[in-house]
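See below for structure_7.txt, which holds compact mmCIF, C-alpha atoms and all ligand atoms.
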# COMPACT_ATOMS: atom_id res chain seq x y z
CA MET A 1 77.56 79.85 66.50
CA SER A 2 75.14 79.73 69.45
CA GLU A 3 71.65 81.14 69.54
CA LEU A 4 71.57 83.01 72.80
CA ALA A 5 68.97 84.63 74.99
CA PHE A 6 70.23 87.65 76.91
CA ILE A 7 68.15 88.84 79.89
CA GLY A 8 68.88 92.39 81.09
CA LEU A 9 69.87 94.97 78.49
CA GLY A 10 71.18 97.57 80.95
CA THR A 11 74.57 99.27 81.01
CA MET A 12 76.59 96.05 81.21
CA GLY A 13 74.21 93.80 79.28
CA ARG A 14 74.31 96.07 76.24
CA GLY A 15 78.08 96.01 76.13
CA ILE A 16 78.29 92.24 76.47
CA VAL A 17 75.62 91.77 73.78
CA ARG A 18 77.49 94.11 71.43
CA ASN A 19 80.51 91.79 71.62
CA LEU A 20 78.44 88.64 71.18
CA LEU A 21 76.92 90.13 68.01
CA ARG A 22 80.36 91.14 66.73
CA ALA A 23 81.49 87.54 67.24
CA GLY A 24 78.63 86.38 64.99
CA HIS A 25 76.15 85.04 67.56
CA ALA A 26 72.41 85.51 67.13
CA VAL A 27 71.00 87.19 70.25
CA THR A 28 67.41 87.36 71.41
CA GLY A 29 67.19 89.97 74.17
CA TRP A 30 64.70 90.78 76.89
CA ASN A 31 64.56 93.80 79.13
CA ARG A 32 61.93 94.57 81.77
CA THR A 33 61.52 98.10 80.45
CA GLN A 34 61.27 98.48 76.70
CA ARG A 35 63.54 101.27 75.54
CA PRO A 36 65.48 101.93 72.32
CA LEU A 37 68.79 100.13 71.94
CA PRO A 38 71.92 101.70 70.44
CA ALA A 39 72.26 101.31 66.65
CA GLU A 40 75.02 98.71 67.07
CA LEU A 41 72.50 96.44 68.80
CA ASP A 42 69.84 96.65 66.09
CA ARG A 43 70.38 92.98 65.19
CA VAL A 44 69.09 91.97 68.63
CA ASP A 45 65.75 90.25 68.33
CA VAL A 46 63.83 91.81 71.23
CA ALA A 47 61.38 89.35 72.84
CA LYS A 48 58.19 90.35 74.63
CA SER A 49 58.67 87.88 77.50
CA ILE A 50 61.46 85.87 79.07
CA ALA A 51 59.64 82.69 78.01
CA ASP A 52 59.75 83.86 74.37
CA ALA A 53 63.40 84.87 74.70
CA ILE A 54 64.70 81.56 76.08
CA ARG A 55 62.53 79.16 74.05
CA GLY A 56 64.77 76.74 72.12
CA LYS A 57 68.02 78.48 73.12
CA SER A 58 71.11 76.55 74.19
CA VAL A 59 72.49 79.51 76.14
CA VAL A 60 70.69 81.91 78.50
CA TRP A 61 72.82 84.80 79.79
CA VAL A 62 71.49 86.99 82.60
CA CYS A 63 72.83 90.36 83.77
CA VAL A 64 70.42 92.20 86.06
CA THR A 65 70.78 94.48 89.06
CA GLY A 66 71.06 92.02 91.95
CA PRO A 67 69.09 89.53 94.08
CA ASP A 68 65.87 91.56 93.93
CA ALA A 69 65.95 91.36 90.15
CA GLN A 70 67.23 87.78 89.88
CA ARG A 71 64.36 86.40 91.97
CA PRO A 72 61.56 87.43 89.58
CA VAL A 73 63.70 86.72 86.50
CA PHE A 74 64.58 83.19 87.61
CA ASP A 75 61.73 82.11 89.90
CA ASP A 76 58.88 83.53 87.81
CA ALA A 77 60.29 82.88 84.37
CA VAL A 78 63.67 81.27 83.57
CA LEU A 79 63.30 78.34 85.98
CA ARG A 80 59.68 77.80 84.93
CA ASP A 81 60.47 77.50 81.24
CA LEU A 82 64.05 76.22 81.14
CA GLY A 83 64.67 73.07 79.10
CA ALA A 84 67.44 70.50 79.59
CA ASP A 85 71.07 70.91 78.53
CA VAL A 86 70.98 74.71 78.56
CA LEU A 87 74.00 76.73 79.69
CA VAL A 88 72.92 79.53 82.04
CA ILE A 89 75.52 82.26 82.55
CA ASP A 90 74.74 84.83 85.24
CA SER A 91 76.80 88.03 85.30
CA THR A 92 74.77 89.67 88.05
CA THR A 93 76.72 90.86 91.12
CA THR A 94 74.85 89.01 93.83
CA ASP A 95 74.68 87.01 97.03
CA PRO A 96 76.75 83.80 96.66
CA GLU A 97 74.05 81.88 98.57
CA LEU A 98 71.55 82.86 95.89
CA SER A 99 74.01 81.79 93.17
CA ARG A 100 74.27 78.35 94.80
CA ARG A 101 70.48 78.08 95.09
CA LEU A 102 70.06 78.99 91.41
CA ALA A 103 72.78 76.52 90.40
CA ARG A 104 70.92 73.72 92.19
CA ALA A 105 67.59 74.72 90.65
CA VAL A 106 69.09 74.85 87.14
CA ALA A 107 70.78 71.46 87.69
CA GLU A 108 67.41 69.95 88.73
CA ARG A 109 66.21 70.87 85.22
CA GLY A 110 69.13 69.03 83.64
CA SER A 111 70.93 72.28 82.76
CA PHE A 112 74.10 74.07 83.87
CA TYR A 113 74.62 77.33 85.78
CA LEU A 114 77.75 79.46 85.98
CA ASP A 115 77.97 82.53 88.21
CA ALA A 116 80.12 84.84 86.11
CA PRO A 117 80.13 88.40 87.47
CA VAL A 118 82.56 90.92 86.10
CA PHE A 119 85.14 93.54 86.99
CA GLY A 120 85.31 96.53 84.67
CA SER A 121 82.59 99.04 83.92
CA LYS A 122 80.54 100.47 81.06
CA ALA A 123 83.50 101.17 78.74
CA GLU A 124 85.12 97.77 79.41
CA ALA A 125 81.81 96.00 78.73
CA TRP A 126 81.31 97.91 75.47
CA ASP A 127 84.90 97.27 74.33
CA GLY A 128 84.96 93.59 75.40
CA ARG A 129 87.61 94.06 78.09
CA LEU A 130 85.84 92.70 81.18
CA ASP A 131 87.42 90.42 83.77
CA PHE A 132 85.07 87.49 84.47
CA VAL A 133 85.22 85.62 87.81
CA CYS A 134 83.36 82.34 87.58
CA GLY A 135 81.86 79.73 89.88
CA GLY A 136 80.62 76.36 88.67
CA THR A 137 81.82 72.92 87.67
CA GLU A 138 84.85 72.55 85.44
CA ALA A 139 82.61 71.22 82.65
CA THR A 140 80.24 74.19 82.87
CA PHE A 141 83.13 76.63 82.90
CA THR A 142 84.73 74.93 79.90
CA ARG A 143 81.48 75.20 77.98
CA ALA A 144 81.00 78.89 78.86
CA GLU A 145 84.57 80.09 78.44
CA PRO A 146 84.58 80.63 74.64
CA LEU A 147 81.46 82.81 74.97
CA LEU A 148 82.87 84.79 77.91
CA ARG A 149 86.06 85.41 75.91
CA HIS A 150 84.11 87.52 73.38
CA ALA A 151 83.53 90.15 76.10
CA ALA A 152 86.63 89.54 78.18
CA ALA A 153 90.10 90.79 78.86
CA THR A 154 90.54 87.88 81.28
CA VAL A 155 88.46 84.91 82.44
CA HIS A 156 89.00 83.22 85.83
CA HIS A 157 87.53 79.96 87.12
CA ILE A 158 87.55 80.58 90.88
CA GLY A 159 85.84 77.40 92.11
CA GLY A 160 82.43 75.78 92.53
CA SER A 161 79.04 77.52 92.44
CA GLY A 162 79.06 80.81 94.32
CA ALA A 163 82.85 81.22 94.12
CA GLY A 164 82.58 83.76 91.29
CA ALA A 165 79.93 85.74 93.19
CA THR A 166 82.12 85.64 96.31
CA MET A 167 85.21 86.82 94.42
CA LYS A 168 83.20 89.70 92.99
CA LEU A 169 82.21 90.83 96.51
CA ILE A 170 85.82 90.52 97.73
CA GLY A 171 86.91 92.77 94.84
CA ASN A 172 84.12 95.25 95.50
CA LEU A 173 85.12 95.48 99.17
CA LEU A 174 88.40 96.93 97.90
CA VAL A 175 86.52 99.18 95.46
CA VAL A 176 84.16 100.68 98.08
CA ALA A 177 87.05 101.18 100.49
CA GLN A 178 89.17 102.96 97.90
CA LEU A 179 86.33 105.14 96.68
CA ALA A 180 85.44 106.20 100.22
CA SER A 181 89.02 106.90 101.28
CA LEU A 182 89.68 108.76 98.03
CA GLY A 183 86.64 110.98 98.69
CA GLU A 184 87.90 111.78 102.19
CA ALA A 185 91.40 112.47 100.84
CA LEU A 186 90.10 114.79 98.11
CA ALA A 187 87.87 116.65 100.57
CA LEU A 188 90.77 117.09 102.99
CA ALA A 189 93.10 118.22 100.19
CA ARG A 190 90.55 120.73 98.91
CA ARG A 191 89.95 122.14 102.41
CA ALA A 192 93.71 122.42 102.86
CA GLY A 193 93.88 124.42 99.65
CA LEU A 194 96.11 122.03 97.69
CA ASP A 195 96.29 122.64 93.96
CA ALA A 196 94.10 120.00 92.25
CA GLU A 197 96.45 119.44 89.31
CA ALA A 198 99.47 119.05 91.59
CA LEU A 199 97.52 116.59 93.70
CA VAL A 200 96.48 114.32 90.82
CA ARG A 201 99.97 114.39 89.30
CA VAL A 202 101.17 112.78 92.55
CA LEU A 203 98.28 110.29 92.55
CA ASP A 204 99.24 109.41 88.96
CA VAL A 205 102.66 108.09 89.95
CA THR A 206 102.69 106.91 93.56
CA ASP A 207 102.55 103.26 94.60
CA PHE A 208 99.64 103.79 97.01
CA SER A 209 97.49 104.86 94.07
CA SER A 210 95.56 102.48 91.78
CA GLY A 211 93.86 102.36 88.39
CA LEU A 212 90.60 103.19 90.15
CA ILE A 213 92.04 106.18 92.00
CA ARG A 214 93.77 107.44 88.85
CA GLY A 215 90.57 106.98 86.84
CA VAL A 216 88.25 108.74 89.26
CA SER A 217 90.25 111.59 90.86
CA ARG A 218 90.20 114.11 88.02
CA ALA A 219 86.51 113.50 87.27
CA SER A 220 85.51 114.00 90.92
CA LEU A 221 87.58 117.16 91.24
CA ARG A 222 85.82 118.69 88.24
CA GLY A 223 82.41 117.55 89.54
CA ASP A 224 81.84 114.93 86.82
CA PHE A 225 79.76 112.11 88.31
CA ALA A 226 78.22 110.80 85.05
CA PRO A 227 77.18 107.19 85.71
CA SER A 228 79.07 104.15 84.47
CA PHE A 229 78.12 102.26 87.62
CA TYR A 230 75.15 103.65 89.50
CA LEU A 231 75.77 104.70 93.09
CA ARG A 232 72.57 102.88 94.14
CA HIS A 233 74.14 99.63 92.83
CA MET A 234 77.19 100.28 95.00
CA LEU A 235 74.88 100.49 98.02
CA LYS A 236 73.47 97.11 96.99
CA ASP A 237 77.01 95.70 96.83
CA ALA A 238 78.00 97.22 100.20
CA ARG A 239 75.01 95.42 101.72
CA LEU A 240 75.94 92.15 100.02
CA ILE A 241 79.51 92.44 101.35
CA ASP A 242 78.16 93.15 104.82
CA ASP A 243 75.79 90.14 104.67
CA LEU A 244 78.60 87.83 103.54
CA ALA A 245 80.94 89.02 106.31
CA ARG A 246 78.21 88.70 108.92
CA ARG A 247 77.38 85.14 107.82
CA LEU A 248 81.04 84.16 108.02
CA GLY A 249 81.63 85.98 111.31
CA VAL A 250 84.29 88.23 109.83
CA PRO A 251 84.46 91.72 111.37
CA LEU A 252 85.06 94.54 108.88
CA PRO A 253 86.03 97.32 111.28
CA ALA A 254 87.67 99.56 108.69
CA THR A 255 84.90 99.42 106.10
CA ALA A 256 81.67 98.84 108.05
CA GLY A 257 80.78 102.54 107.90
CA ILE A 258 80.88 102.68 104.13
CA GLY A 259 77.44 101.12 103.55
CA PRO A 260 75.77 103.86 105.65
CA LEU A 261 77.75 106.47 103.68
CA TYR A 262 76.27 105.10 100.44
CA GLN A 263 72.83 104.96 102.08
CA ALA A 264 73.18 108.64 103.01
CA ALA A 265 74.18 109.47 99.43
CA VAL A 266 71.10 107.65 98.10
CA ASN A 267 68.94 109.49 100.66
CA GLN A 268 70.38 112.76 99.32
CA GLY A 269 69.10 111.83 95.85
CA LEU A 270 72.53 110.87 94.47
CA GLY A 271 71.66 107.24 93.60
CA ASP A 272 71.61 107.76 89.83
CA LEU A 273 75.08 109.33 89.82
CA ASN A 274 78.22 107.26 89.35
CA ALA A 275 79.38 105.37 92.46
CA SER A 276 82.02 108.10 92.83
CA GLY A 277 79.08 110.48 93.48
CA VAL A 278 79.71 109.61 97.13
CA HIS A 279 82.52 112.18 96.79
CA LYS A 280 79.87 114.82 96.17
CA LEU A 281 78.36 113.96 99.56
CA LEU A 282 81.78 113.96 101.25
CA PHE A 283 82.55 117.36 99.70
CA THR A 284 79.32 118.92 100.95
CA MET A 285 79.77 117.26 104.39
CA SER A 286 83.15 119.05 104.48
CA GLY A 287 81.64 122.44 103.77
CA LEU A 288 82.83 122.43 100.16
CA ASP A 289 80.77 122.96 97.03
CA ALA A 290 80.18 119.76 95.00
CA ALA A 291 83.35 120.64 93.00
N1 LIG B 301 77.98 99.21 85.56
C1 LIG B 301 79.12 98.74 86.05
O1 LIG B 301 80.16 99.41 86.05
C2 LIG B 301 79.17 97.34 86.62
C3 LIG B 301 80.45 96.79 86.81
C4 LIG B 301 80.56 95.50 87.32
C5 LIG B 301 79.41 94.79 87.65
N2 LIG B 301 78.18 95.37 87.47
C6 LIG B 301 77.01 94.56 87.84
O2 LIG B 301 76.35 94.19 86.64
C7 LIG B 301 74.94 94.07 86.90
C8 LIG B 301 74.19 94.98 85.94
O3 LIG B 301 74.59 96.32 86.20
P1 LIG B 301 74.31 97.51 85.18
O4 LIG B 301 75.33 98.55 85.48
O5 LIG B 301 74.12 97.00 83.79
O6 LIG B 301 72.92 98.03 85.76
P2 LIG B 301 71.71 98.75 85.01
O7 LIG B 301 72.19 99.55 83.88
O8 LIG B 301 70.92 99.42 86.08
O9 LIG B 301 70.88 97.51 84.44
C9 LIG B 301 70.19 96.66 85.32
C10 LIG B 301 69.35 95.69 84.54
O10 LIG B 301 68.59 94.90 85.46
C11 LIG B 301 67.23 94.96 85.09
N3 LIG B 301 66.35 94.81 86.23
C12 LIG B 301 66.36 95.50 87.41
N4 LIG B 301 65.37 95.07 88.22
C13 LIG B 301 64.72 94.10 87.54
C14 LIG B 301 63.61 93.27 87.85
N5 LIG B 301 62.97 93.35 89.02
N6 LIG B 301 63.21 92.37 86.92
C15 LIG B 301 63.84 92.28 85.72
N7 LIG B 301 64.90 93.03 85.37
C16 LIG B 301 65.33 93.93 86.27
C17 LIG B 301 67.09 96.34 84.48
O11 LIG B 301 65.91 96.44 83.75
P3 LIG B 301 65.20 97.88 83.54
O12 LIG B 301 65.91 98.50 82.37
O13 LIG B 301 63.79 97.57 83.30
O14 LIG B 301 65.41 98.67 84.83
C18 LIG B 301 68.35 96.38 83.62
O15 LIG B 301 68.20 95.60 82.46
C19 LIG B 301 74.75 94.45 88.38
O16 LIG B 301 74.72 93.30 89.16
C20 LIG B 301 75.97 95.30 88.68
O17 LIG B 301 76.27 95.28 90.06
C21 LIG B 301 78.04 96.62 86.95
Starting from the file, give its structure as structure tokens.
Amino acid sequence: MSELAFIGLGTMGRGIVRNLLRAGHAVTGWNRTQRPLPAELDRVDVAKSIADAIRGKSVVWVCVTGPDAQRPVFDDAVLRDLGADVLVIDSTTTDPELSRRLARAVAERGSFYLDAPVFGSKAEAWDGRLDFVCGGTEATFTRAEPLLRHAAATVHHIGGSGAGATMKLIGNLLVVAQLASLGEALALARRAGLDAEALVRVLDVTDFSSGLIRGVSRASLRGDFAPSFYLRHMLKDARLIDDLARRLGVPLPATAGIGPLYQAAVNQGLGDLNASGVHKLLFTMSGLDAA
């Protein structure tokens, strides 16, 4: 069993740590803000600093918000104190360029970095049913895979460093597009006076629907925007997708307006709702009550 340090005990980090503990691993955790952990995580040894958390560990697993959080975590702490032959797993959804930079910096210290972001949300993390998409060398992936499996439904080695981070952004392009189009569809249906139950019964069975659409429709129609994935994080991802497309010279004519939609939702104070809270904005823009 490995002795692990886990940096970032937020929504996803807590779920992943729960499954590592259940598999018998000893976990030392660090979170920027000290707050009580759920009872199932009471075996986590909570460290006061990242340096304390990672000292002597063979595995350091990071799951923080995005590039703005990774920079202080890595540049001011992990990279300063990292020893040799440590496996660094990073499940942050981030800029692939940053993943490659971190992989090089970790390699310079004689250690190994795997970008390993996830698909799935709060419930999938808690239940150990995440889909991991990984970037790194074959050897690093092979070393990480048994650990990832504790929290995984599936594990995918996409390619070299940054490939996991890129795959995550490709997937989230489809997520933001579906969420936005679903919000427009629900607003239009409500304005047209369609019966909500009849509408979702069709969405439940048709081939243009999806697990995401089926999962979100009923909640949005009853005005339930309780967060599993914060809307403000979706804005971060929309910007990362936009940056990637711009760098590669790929126009995104159908989805380029979605980032500004999320920005408007954050400006309206909806950032701490679920990402589907963008439907609340689309409803009010359509002259409807929030639901
Ligand atoms: N939730 C989902 O459904 C979901 C699904 C797939 C992927 N993801 C990705 O998983 C990652 C984590 O998401 P989450 O939902 O767990 O978010 P979260 O609940 O907001 O947790 C974010 C974590 O990052 C830490 N953090 C933020 N800024 C920091 C900084 N400057 N320095 C150090 N730590 C910092 C937070 O610490 P504090 O507690 O101090 O703020 C917290 O531990 C993100 O990249 C997200 O895009 C999330």
Mind running chain A against ligand LIG 301 (chain B) at 6 Å and telling me each contacting residue's nearest atom pair with the distance in Å (one decimal), counting all atoms listed in the file, chain and number ascending, as JSON lines?
{"residue": "A:Gly8", "atom": "CA", "partner": "B:LIG301", "partner_atom": "O15", "distance": 3.6}
{"residue": "A:Leu9", "atom": "CA", "partner": "B:LIG301", "partner_atom": "O15", "distance": 4.4}
{"residue": "A:Gly10", "atom": "CA", "partner": "B:LIG301", "partner_atom": "O9", "distance": 3.5}
{"residue": "A:Thr11", "atom": "CA", "partner": "B:LIG301", "partner_atom": "O5", "distance": 3.6}
{"residue": "A:Met12", "atom": "CA", "partner": "B:LIG301", "partner_atom": "O5", "distance": 3.7}
{"residue": "A:Gly13", "atom": "CA", "partner": "B:LIG301", "partner_atom": "O5", "distance": 5.5}
{"residue": "A:Asn31", "atom": "CA", "partner": "B:LIG301", "partner_atom": "O15", "distance": 5.3}
{"residue": "A:Arg32", "atom": "CA", "partner": "B:LIG301", "partner_atom": "O13", "distance": 3.8}
{"residue": "A:Thr33", "atom": "CA", "partner": "B:LIG301", "partner_atom": "O13", "distance": 3.7}
{"residue": "A:Cys63", "atom": "CA", "partner": "B:LIG301", "partner_atom": "C8", "distance": 5.3}
{"residue": "A:Val64", "atom": "CA", "partner": "B:LIG301", "partner_atom": "O10", "distance": 3.3}
{"residue": "A:Thr65", "atom": "CA", "partner": "B:LIG301", "partner_atom": "C19", "distance": 4.0}
{"residue": "A:Gly66", "atom": "CA", "partner": "B:LIG301", "partner_atom": "O16", "distance": 4.8}
{"residue": "A:Asp68", "atom": "CA", "partner": "B:LIG301", "partner_atom": "N5", "distance": 6.0}
{"residue": "A:Ala69", "atom": "CA", "partner": "B:LIG301", "partner_atom": "N5", "distance": 3.8}
{"residue": "A:Pro72", "atom": "CA", "partner": "B:LIG301", "partner_atom": "N6", "distance": 5.8}
{"residue": "A:Val73", "atom": "CA", "partner": "B:LIG301", "partner_atom": "C15", "distance": 5.6}
{"residue": "A:Thr92", "atom": "CA", "partner": "B:LIG301", "partner_atom": "O16", "distance": 3.8}
{"residue": "A:Thr93", "atom": "CA", "partner": "B:LIG301", "partner_atom": "O16", "distance": 3.7}
{"residue": "A:Val118", "atom": "CA", "partner": "B:LIG301", "partner_atom": "C4", "distance": 5.1}
{"residue": "A:Phe119", "atom": "CA", "partner": "B:LIG301", "partner_atom": "C4", "distance": 5.0}
{"residue": "A:Gly120", "atom": "CA", "partner": "B:LIG301", "partner_atom": "C3", "distance": 5.3}
{"residue": "A:Ser121", "atom": "CA", "partner": "B:LIG301", "partner_atom": "O1", "distance": 3.3}
{"residue": "A:Lys122", "atom": "CA", "partner": "B:LIG301", "partner_atom": "O1", "distance": 5.1}
{"residue": "A:Ser228", "atom": "CA", "partner": "B:LIG301", "partner_atom": "O1", "distance": 5.1}
{"residue": "A:Phe229", "atom": "CA", "partner": "B:LIG301", "partner_atom": "N1", "distance": 3.7}
{"residue": "A:His233", "atom": "CA", "partner": "B:LIG301", "partner_atom": "O17", "distance": 5.6}
_My list of candidates is A:Ala123, A:Val175, A:Leu114, A:Leu130. Which is closest to Thr142 (chain A) when distances are computed with only C-alpha atoms?_
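With only C-alpha atoms as the atom set, the closest residue is A:Leu114.
In this model, the gap between CA of Glu145 (chain A) and CA of Gly56 (chain A) comes to 21.1 Å.
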Grab all the atoms of region 73-88 of chain A that the file lists, wrap them in a box along x, y and z, add 5 Å per side, and give me centre plus edge lengths in Å (one decimal) as lines of an AutoDock Vina configuration file.
center_x = 66.4
center_y = 78.6
center_z = 84.2
size_x = 25.1
size_y = 26.2
size_z = 21.4
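Near Asn274 (chain A), within 6 Å and counting only C-alpha atoms, sit Phe225, Ala226, Pro227, Ser228, Phe229, Tyr230, Leu231 and Gly277 of chain A; same-chain residues fewer than 3 positions away were not included.
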*Work out how far apart CA of Glu184 (chain A) and CA of Ala245 (chain A) are and give it in Å to one decimal.*
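A separation of 24.2 Å between them.
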Give me the residues near region 208-222 of chain A as a short mmCIF file (atom, residue, chain, number, x, y, z; two decimals) with C-alpha atoms, keeping the file's coordinate frame, where near means some atom within 7 Å (using all atoms listed in the file) and where sequence neighbours in that chain fewer than 2 positions away do not count.
data_model
loop_
_atom_site.label_atom_id
_atom_site.label_comp_id
_atom_site.auth_asym_id
_atom_site.auth_seq_id
_atom_site.Cartn_x
_atom_site.Cartn_y
_atom_site.Cartn_z
CA LEU A 182 89.68 108.76 98.03
CA VAL A 200 96.48 114.32 90.82
CA LEU A 203 98.28 110.29 92.55
CA ASP A 204 99.24 109.41 88.96
CA THR A 206 102.69 106.91 93.56
CA ASP A 224 81.84 114.93 86.82
CA PHE A 225 79.76 112.11 88.31
CA HIS A 279 82.52 112.18 96.79
CA ALA A 291 83.35 120.64 93.00
#
_Pick from A:Ala177, A:Val278, A:Val202, A:Ala265 nearest to Gly223 (chain A), counting all atoms listed in the file_ =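 Checking each of A:Ala177, A:Val278, A:Val202, A:Ala265 against Gly223 (chain A), counting all atoms listed in the file, the winner is A:Val278.
The shortest atom-to-atom distance to Arg100 (chain A), with all atoms listed in the file taken into account, belongs to A:Thr137 out of A:Thr255, A:Thr137, A:Thr154, A:Ser58.
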*Find the residues near region 39-50 of chain A: any atom within 12 Å, counting all atoms listed in the file, skip ones fewer than 2 places away on the same chain, and give them as a PyMOL selection string.*
chain A and resi 3-9+13-22+24-37+52-57+60-62+72-82+126
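The closest residue to Leu147 (chain A), picked from A:Phe283, A:Phe112, A:Tyr262, A:Phe132 and counting only C-alpha atoms, is A:Phe132.
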*Could you name the residues that touch Asp115 (chain A) at 9 Å or less, counting only C-alpha atoms, but leaving out those on the same chain fewer than 6 positions away, as an MDAnalysis selection string?*
chainID A and resid 88:93 96 99:100 103 133:136 161:165
*Between A:Leu169, A:Gly110, A:Ala116, A:Arg190, which one has atoms that come closest to Ala152 (chain A), using only C-alpha atoms?*
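With only C-alpha atoms as the atom set, the closest residue is A:Ala116.
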*What separation in Å, quoted to one decimal, exists between CA of Thr166 (chain A) and CA of Asp95 (chain A)?*
7.6 Å
*Would you mind telling me which residue in A:Leu102, A:Glu197, A:Ala187, A:Leu174 lies nearest to Ala238 (chain A) when using only C-alpha atoms?*
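So, comparing all the options, the nearest one is A:Leu174.
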